[in-house]
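Visitor: First the structure, then my questions, so here it is.
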Amino acid sequence: MRTNLIGETFTEVIKPKKQKAKDTTIHIIHILDASSSMFGPKFDAAKSGMDEELSAIKEENNSINYTYSVIRFGSSNNIKTIIEKKDARALDVKQIPLFSPSGRTALYDAIGYTLAGFKCEKEDKVIVKIFTDGEENNSCNYSGKTVKELISSKESEGWVITFVGTDRDVEKVISTMGVTRNNTLKYDGTAQGLRSSYSTANSSRAMYAKAVLDGNDNNMNFFQQN
């Protein structure tokens, strides 16, 4: 109740403040093979692909908040988050300390470590990009079965789990880890093939972002979007 200048009382109606709509956040997570077989041109191609992606994000004229994370992996004891949730629009690829490839391929451990450890808001979008040039051969903490369960759980939350590898690798992760076929991409195992795969993945990311803004995103059809 309030009183006016002549002593009358009245009830003041207070209008609630309008809540500002929250901008969309897309977290991009690279799980990058840094085993010894990636040394040289293939690893350079991966860095070039990320540079292309960051440049494209900076040129986008939309309200999406992009964060960028990179996890590199070799042997099971050599899995490391080297950059986490950095503002992609303010990031330069030269700021990503990728180190030199070495060791074996602890693919299951790298995926398990990443999916189990990454935290974000429920309404955020997440794109996980797994790049490898070889099969699993060194994991100690996760199996294909436990990773499959993790992938299924994250996909049910709307996460996009993608995989880029050779023909044999792709077919194996589809059967062993349950990665959705339309979220996989095959390449020929060469540096040029990997570079081309990064370009395709980057284009698909841009199309996915547009679908998110339009309210038509589909986390099971990353590489087959119209």
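Just remember, in the structure tokens the first chain shown is A, the second B, etc., residues are 1-based per chain, and ligands are 1-based in the order shown.
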Pick out the residues sitting within 8 Å of Ile111 in chain A, and hand them over as number ranges by chain; count only C-alpha atoms, and ignore anything fewer than 3 positions along from it in its own chain.
Guide: A: 31, 107-108, 114-115, 147
Visitor: Keeping all heavy atoms for every residue in the selection just given, could you write it to a file as a PDB file, in the first residue's frame?
Guide:
ATOM      1  N   ILE A  31      38.413 -33.740 -29.711  1.00  0.00           N
ATOM      2  CA  ILE A  31      39.207 -34.829 -29.133  1.00  0.00           C
ATOM      3  C   ILE A  31      40.162 -35.257 -30.239  1.00  0.00           C
ATOM      4  O   ILE A  31      39.777 -35.938 -31.194  1.00  0.00           O
ATOM      5  CB  ILE A  31      38.319 -36.000 -28.674  1.00  0.00           C
ATOM      6  CG1 ILE A  31      37.273 -35.518 -27.669  1.00  0.00           C
ATOM      7  CG2 ILE A  31      39.180 -37.106 -28.056  1.00  0.00           C
ATOM      8  CD1 ILE A  31      36.314 -36.609 -27.206  1.00  0.00           C
ATOM      9  N   LEU A 107      41.982 -44.367 -27.443  1.00  0.00           N
ATOM     10  CA  LEU A 107      40.770 -43.705 -27.926  1.00  0.00           C
ATOM     11  C   LEU A 107      39.636 -43.777 -26.910  1.00  0.00           C
ATOM     12  O   LEU A 107      38.965 -42.777 -26.635  1.00  0.00           O
ATOM     13  CB  LEU A 107      40.338 -44.331 -29.255  1.00  0.00           C
ATOM     14  CG  LEU A 107      39.091 -43.746 -29.913  1.00  0.00           C
ATOM     15  CD1 LEU A 107      39.303 -42.278 -30.273  1.00  0.00           C
ATOM     16  CD2 LEU A 107      38.714 -44.551 -31.157  1.00  0.00           C
ATOM     17  N   TYR A 108      39.387 -44.954 -26.358  1.00  0.00           N
ATOM     18  CA  TYR A 108      38.295 -45.087 -25.391  1.00  0.00           C
ATOM     19  C   TYR A 108      38.509 -44.190 -24.178  1.00  0.00           C
ATOM     20  O   TYR A 108      37.574 -43.527 -23.708  1.00  0.00           O
ATOM     21  CB  TYR A 108      38.170 -46.542 -24.913  1.00  0.00           C
ATOM     22  CG  TYR A 108      37.795 -47.546 -25.971  1.00  0.00           C
ATOM     23  CD1 TYR A 108      38.103 -48.902 -25.802  1.00  0.00           C
ATOM     24  CD2 TYR A 108      37.123 -47.172 -27.137  1.00  0.00           C
ATOM     25  CE1 TYR A 108      37.758 -49.843 -26.756  1.00  0.00           C
ATOM     26  CE2 TYR A 108      36.782 -48.109 -28.099  1.00  0.00           C
ATOM     27  CZ  TYR A 108      37.103 -49.442 -27.900  1.00  0.00           C
ATOM     28  OH  TYR A 108      36.771 -50.371 -28.853  1.00  0.00           O
ATOM     29  N   THR A 114      36.713 -37.209 -21.636  1.00  0.00           N
ATOM     30  CA  THR A 114      36.096 -35.962 -22.091  1.00  0.00           C
ATOM     31  C   THR A 114      34.605 -35.909 -21.774  1.00  0.00           C
ATOM     32  O   THR A 114      34.114 -34.932 -21.195  1.00  0.00           O
ATOM     33  CB  THR A 114      36.298 -35.796 -23.607  1.00  0.00           C
ATOM     34  OG1 THR A 114      37.698 -35.841 -23.900  1.00  0.00           O
ATOM     35  CG2 THR A 114      35.733 -34.470 -24.084  1.00  0.00           C
ATOM     36  N   LEU A 115      33.877 -36.943 -22.152  1.00  0.00           N
ATOM     37  CA  LEU A 115      32.430 -36.925 -21.964  1.00  0.00           C
ATOM     38  C   LEU A 115      32.040 -36.919 -20.488  1.00  0.00           C
ATOM     39  O   LEU A 115      31.079 -36.247 -20.100  1.00  0.00           O
ATOM     40  CB  LEU A 115      31.781 -38.128 -22.656  1.00  0.00           C
ATOM     41  CG  LEU A 115      31.961 -38.245 -24.167  1.00  0.00           C
ATOM     42  CD1 LEU A 115      31.040 -39.327 -24.723  1.00  0.00           C
ATOM     43  CD2 LEU A 115      31.690 -36.930 -24.871  1.00  0.00           C
ATOM     44  N   VAL A 147      32.144 -46.651 -22.983  1.00  0.00           N
ATOM     45  CA  VAL A 147      32.088 -45.453 -23.827  1.00  0.00           C
ATOM     46  C   VAL A 147      30.763 -45.398 -24.576  1.00  0.00           C
ATOM     47  O   VAL A 147      30.155 -44.330 -24.712  1.00  0.00           O
ATOM     48  CB  VAL A 147      33.279 -45.423 -24.815  1.00  0.00           C
ATOM     49  CG1 VAL A 147      33.069 -44.359 -25.886  1.00  0.00           C
ATOM     50  CG2 VAL A 147      34.575 -45.149 -24.064  1.00  0.00           C
TER      51      VAL A 147
END
Visitor: Just list the residues in range 120-163 of chain A DSSP gives helix (DSSP H, G or I) on the backbone, as a VMD selection string.
Guide: chain A and resid 144 to 156
Visitor: For Ala46 in chain A, which residue among A:Val173, A:Leu185, A:Ile161, A:Ala191 is the nearest when counting only C-alpha atoms?
Guide: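 So, comparing all the options, the nearest one is A:Ala191.
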Visitor: Write out as a ChimeraX atom specification which residues come within 9 Å of Ile96 in chain A when counting only C-alpha atoms, dropping same-chain ones fewer than 4 positions away.
Guide: /A:47,70,82-83,91-92
Visitor: Counting only C-alpha atoms, which of A:Asn141, A:Asn221, A:Ser36, A:Ser48 gets nearest to Glu155 in chain A?
Guide: A:Asn221
Visitor: Have a look at A:Ile130, A:Cys140, A:Ile29, A:Ile57 and name the one nearest to Ser76 in chain A; count only C-alpha atoms.
Guide: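 Once distances to Ser76 in chain A are computed over only C-alpha atoms, the minimum belongs to A:Cys140.
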